[in-house]
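Asker: To start, I am sharing the structure in question, which I have written as structure tokens.
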Amino acid sequence: MKIHHVGYLAKSLEKSRNKYIELGFIVERPVKYDDIRKINIEFLVNGDYRVELIEPVDKESPMYPLLARYKNTPYHFCYEVEDLDKAVAELSDKHYTMMQEPEVAPCIDNDRVVFMYNNSMGIIELVEIR
Ligand code: NI
């Protein structure tokens, strides 16, 4: 499966962005607020690599506990799929559990995404590229 991006939790999106830019990344999609999950999101690219910076805006964000625990860190790979429901079924057979129902990602052209969890893998994300 092709990797779409690596998700990176940031305490301060602006500070982390500046550090990525120092390392040769450029902004692909400027910061956007996701009001479902109360996070700011920005996509950066460096050649074939894409990083998603995720900044929980307050303690009400469902992402806040992860930030409190891990600070600034990569925390998921996102994989591209053609058919989200089919991919979920296949990965369920491989002992991944859906963390919540698929939802649209306003920051990725409203493509559908889902997060899945496996004990030996941790969190992965799937994005349905139309
Ligand atoms: Ni992601």
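To be explicit about the labels: the chains of the structure tokens are called A, B, and onward in the order shown, and within each one the residues are counted from 1, while ligands get numbers from 1 in the order they are shown.
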Hey, what's within 9 Å of A:Leu9 if we count only C-alpha atoms and toss same-chain stuff fewer than 6 positions away? As number ranges by chain, please?

Answerer: A: 52-56, 63, 66-67, 70-75

Asker: Report as an NGL selection string all protein, DNA and RNA residues lying within 12 Å of stretch 95-102 of chain A, evaluated on only C-alpha atoms, omitting residues in the same chain fewer than 3 positions from it.

Answerer: :A and (62 or 83-85 or 87-92 or 105 or 110-128)

Asker: Could you tell me how far atom CA of A:Asn46 lies from atom CA of A:Phe25, in Å and to one decimal?

Answerer: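 Result for atom CA of A:Asn46 versus atom CA of A:Phe25: 4.6 Å, one decimal.
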
Asker: Tell me which of A:Lys11, A:Arg29, A:His4, A:Lys94 sits closest to ligand 1, counting only C-alpha atoms and all ligand atoms.

Answerer: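 For ligand 1, the nearest of the candidates is A:His4.
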
Asker: As a list in words, please: every residue in chain A that DSSP puts in helix (DSSP H, G or I).

Answerer: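 Taking chain A and keeping helix (DSSP H, G or I) only, one gets Leu13, Glu14, Lys15, Ser16, Arg17, Asn18, Lys19, Tyr20, Ile21, Glu22, Tyr64, Pro65, Leu66, Leu67, Ala68, Arg69, Tyr70, Leu84, Asp85, Lys86, Ala87, Val88, Ala89, Glu90, Leu91, Ser92 and Asp93 of chain A.
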
Asker: Any idea what the distance is between atom CA of A:Glu14 and atom CA of A:Glu80?

Answerer: 26.9 Å

Asker: Within 8 Å of ligand 1 (counting only C-alpha atoms and all ligand atoms), which residues show up? I'd like them as a PyMOL selection string.

Answerer: chain A and resi 5-7+52+76-78+125

Asker: Which neighbours of A:Ser61 fall inside 12 Å, counting only C-alpha atoms, when residues of the same chain fewer than 3 positions from it are skipped, and could you give them as number ranges by chain?

Answerer: A: 33-40, 54-58, 64-68

Asker: Just how far from atom CA of A:Ile129 is atom CA of A:Tyr20, in Å to one decimal?

Answerer: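 Atom-to-atom, atom CA of A:Tyr20 to atom CA of A:Ile129, that is 25.6 Å.
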
Asker: Nearest to A:Leu44 among A:Lys32, A:Glu103, A:Glu60, A:Arg17, with distances taken over only C-alpha atoms: which residue is it?

Answerer: A:Arg17

Asker: Counting only C-alpha atoms, which of A:Lys86, A:Lys19, A:Arg50, A:Lys59 gets nearest to A:Lys2?

Answerer: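 Residue with the minimum atom-to-atom distance to A:Lys2: A:Arg50.
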
Asker: I'd like the contact shell of A:Gly47 - 12 Å cut-off, only C-alpha atoms, skipping same-chain residues fewer than 5 positions apart - returned as a PyMOL selection string.

Answerer: chain A and resi 23-28

Asker: To test your reading of the structure, identify every residue in chain A that backbone DSSP assigns to strand (DSSP E), and report it as JSON, numbers by chain.

Answerer: {"A": [3, 4, 5, 6, 7, 8, 9, 26, 27, 28, 29, 30, 31, 32, 33, 34, 39, 40, 41, 42, 43, 44, 45, 46, 49, 50, 51, 52, 53, 54, 55, 56, 73, 74, 75, 76, 77, 78, 79, 80, 81, 97, 98, 103, 104, 105, 111, 112, 113, 114, 115, 116, 117, 118, 122, 123, 124, 125, 126, 127, 128]}

Asker: Would you write out those residues with C-alpha atoms, as an mmCIF file, in the first residue's frame?

Answerer:
```cif
data_model
loop_
_atom_site.group_PDB
_atom_site.id
_atom_site.type_symbol
_atom_site.label_atom_id
_atom_site.label_comp_id
_atom_site.auth_asym_id
_atom_site.auth_seq_id
_atom_site.Cartn_x
_atom_site.Cartn_y
_atom_site.Cartn_z
ATOM 1 C CA ILE A 3 1.980 5.784 1.931
ATOM 2 C CA HIS A 4 0.056 9.058 1.645
ATOM 3 C CA HIS A 5 1.576 10.798 4.665
ATOM 4 C CA VAL A 6 3.098 10.447 8.090
ATOM 5 C CA GLY A 7 1.041 12.125 10.808
ATOM 6 C CA TYR A 8 3.081 14.176 13.260
ATOM 7 C CA LEU A 9 1.693 15.525 16.518
ATOM 8 C CA ILE A 26 7.810 23.064 1.832
ATOM 9 C CA VAL A 27 4.187 23.793 2.710
ATOM 10 C CA GLU A 28 1.852 21.838 0.406
ATOM 11 C CA ARG A 29 -1.492 22.809 1.972
ATOM 12 C CA PRO A 30 -1.529 25.718 4.410
ATOM 13 C CA VAL A 31 -2.946 25.269 7.897
ATOM 14 C CA LYS A 32 -6.623 24.434 8.128
ATOM 15 C CA TYR A 33 -8.841 23.979 11.172
ATOM 16 C CA ASP A 34 -10.697 20.686 11.540
ATOM 17 C CA ILE A 39 -7.088 20.332 15.511
ATOM 18 C CA ASN A 40 -5.084 22.462 13.127
ATOM 19 C CA ILE A 41 -3.658 20.509 10.208
ATOM 20 C CA GLU A 42 -1.002 21.393 7.676
ATOM 21 C CA PHE A 43 0.629 19.288 4.975
ATOM 22 C CA LEU A 44 4.320 19.622 4.134
ATOM 23 C CA VAL A 45 6.271 17.813 1.428
ATOM 24 C CA ASN A 46 9.905 16.948 0.824
ATOM 25 C CA TYR A 49 7.585 12.375 1.523
ATOM 26 C CA ARG A 50 4.528 14.097 2.947
ATOM 27 C CA VAL A 51 4.102 15.023 6.603
ATOM 28 C CA GLU A 52 0.827 16.022 8.234
ATOM 29 C CA LEU A 53 1.326 18.342 11.192
ATOM 30 C CA ILE A 54 -1.476 17.988 13.727
ATOM 31 C CA GLU A 55 -1.884 20.521 16.513
ATOM 32 C CA PRO A 56 -4.683 19.969 19.035
ATOM 33 C CA THR A 73 6.243 12.911 17.583
ATOM 34 C CA PRO A 74 5.251 10.999 14.468
ATOM 35 C CA TYR A 75 2.336 8.760 15.409
ATOM 36 C CA HIS A 76 0.657 7.304 12.334
ATOM 37 C CA PHE A 77 1.308 6.289 8.743
ATOM 38 C CA CYS A 78 -1.589 6.916 6.372
ATOM 39 C CA TYR A 79 -2.052 4.542 3.425
ATOM 40 C CA GLU A 80 -3.899 5.209 0.176
ATOM 41 C CA VAL A 81 -6.727 2.870 -0.768
ATOM 42 C CA THR A 97 -9.830 -2.810 14.773
ATOM 43 C CA MET A 98 -11.594 0.265 13.470
ATOM 44 C CA GLU A 103 -15.393 10.193 8.311
ATOM 45 C CA VAL A 104 -14.598 12.865 5.768
ATOM 46 C CA ALA A 105 -11.298 14.708 6.130
ATOM 47 C CA ASP A 111 -11.828 12.237 1.091
ATOM 48 C CA ARG A 112 -12.970 9.563 3.530
ATOM 49 C CA VAL A 113 -10.509 8.410 6.171
ATOM 50 C CA VAL A 114 -10.523 5.841 8.935
ATOM 51 C CA PHE A 115 -8.122 4.989 11.743
ATOM 52 C CA MET A 116 -7.422 1.374 12.630
ATOM 53 C CA TYR A 117 -5.464 -0.195 15.453
ATOM 54 C CA ASN A 118 -3.449 -3.392 15.764
ATOM 55 C CA GLY A 122 -0.298 0.686 16.634
ATOM 56 C CA ILE A 123 -2.400 3.244 14.754
ATOM 57 C CA ILE A 124 -2.688 3.401 10.975
ATOM 58 C CA GLU A 125 -4.895 5.627 8.844
ATOM 59 C CA LEU A 126 -6.482 4.805 5.502
ATOM 60 C CA VAL A 127 -7.502 7.469 2.993
ATOM 61 C CA GLU A 128 -9.786 6.738 0.074
#
```
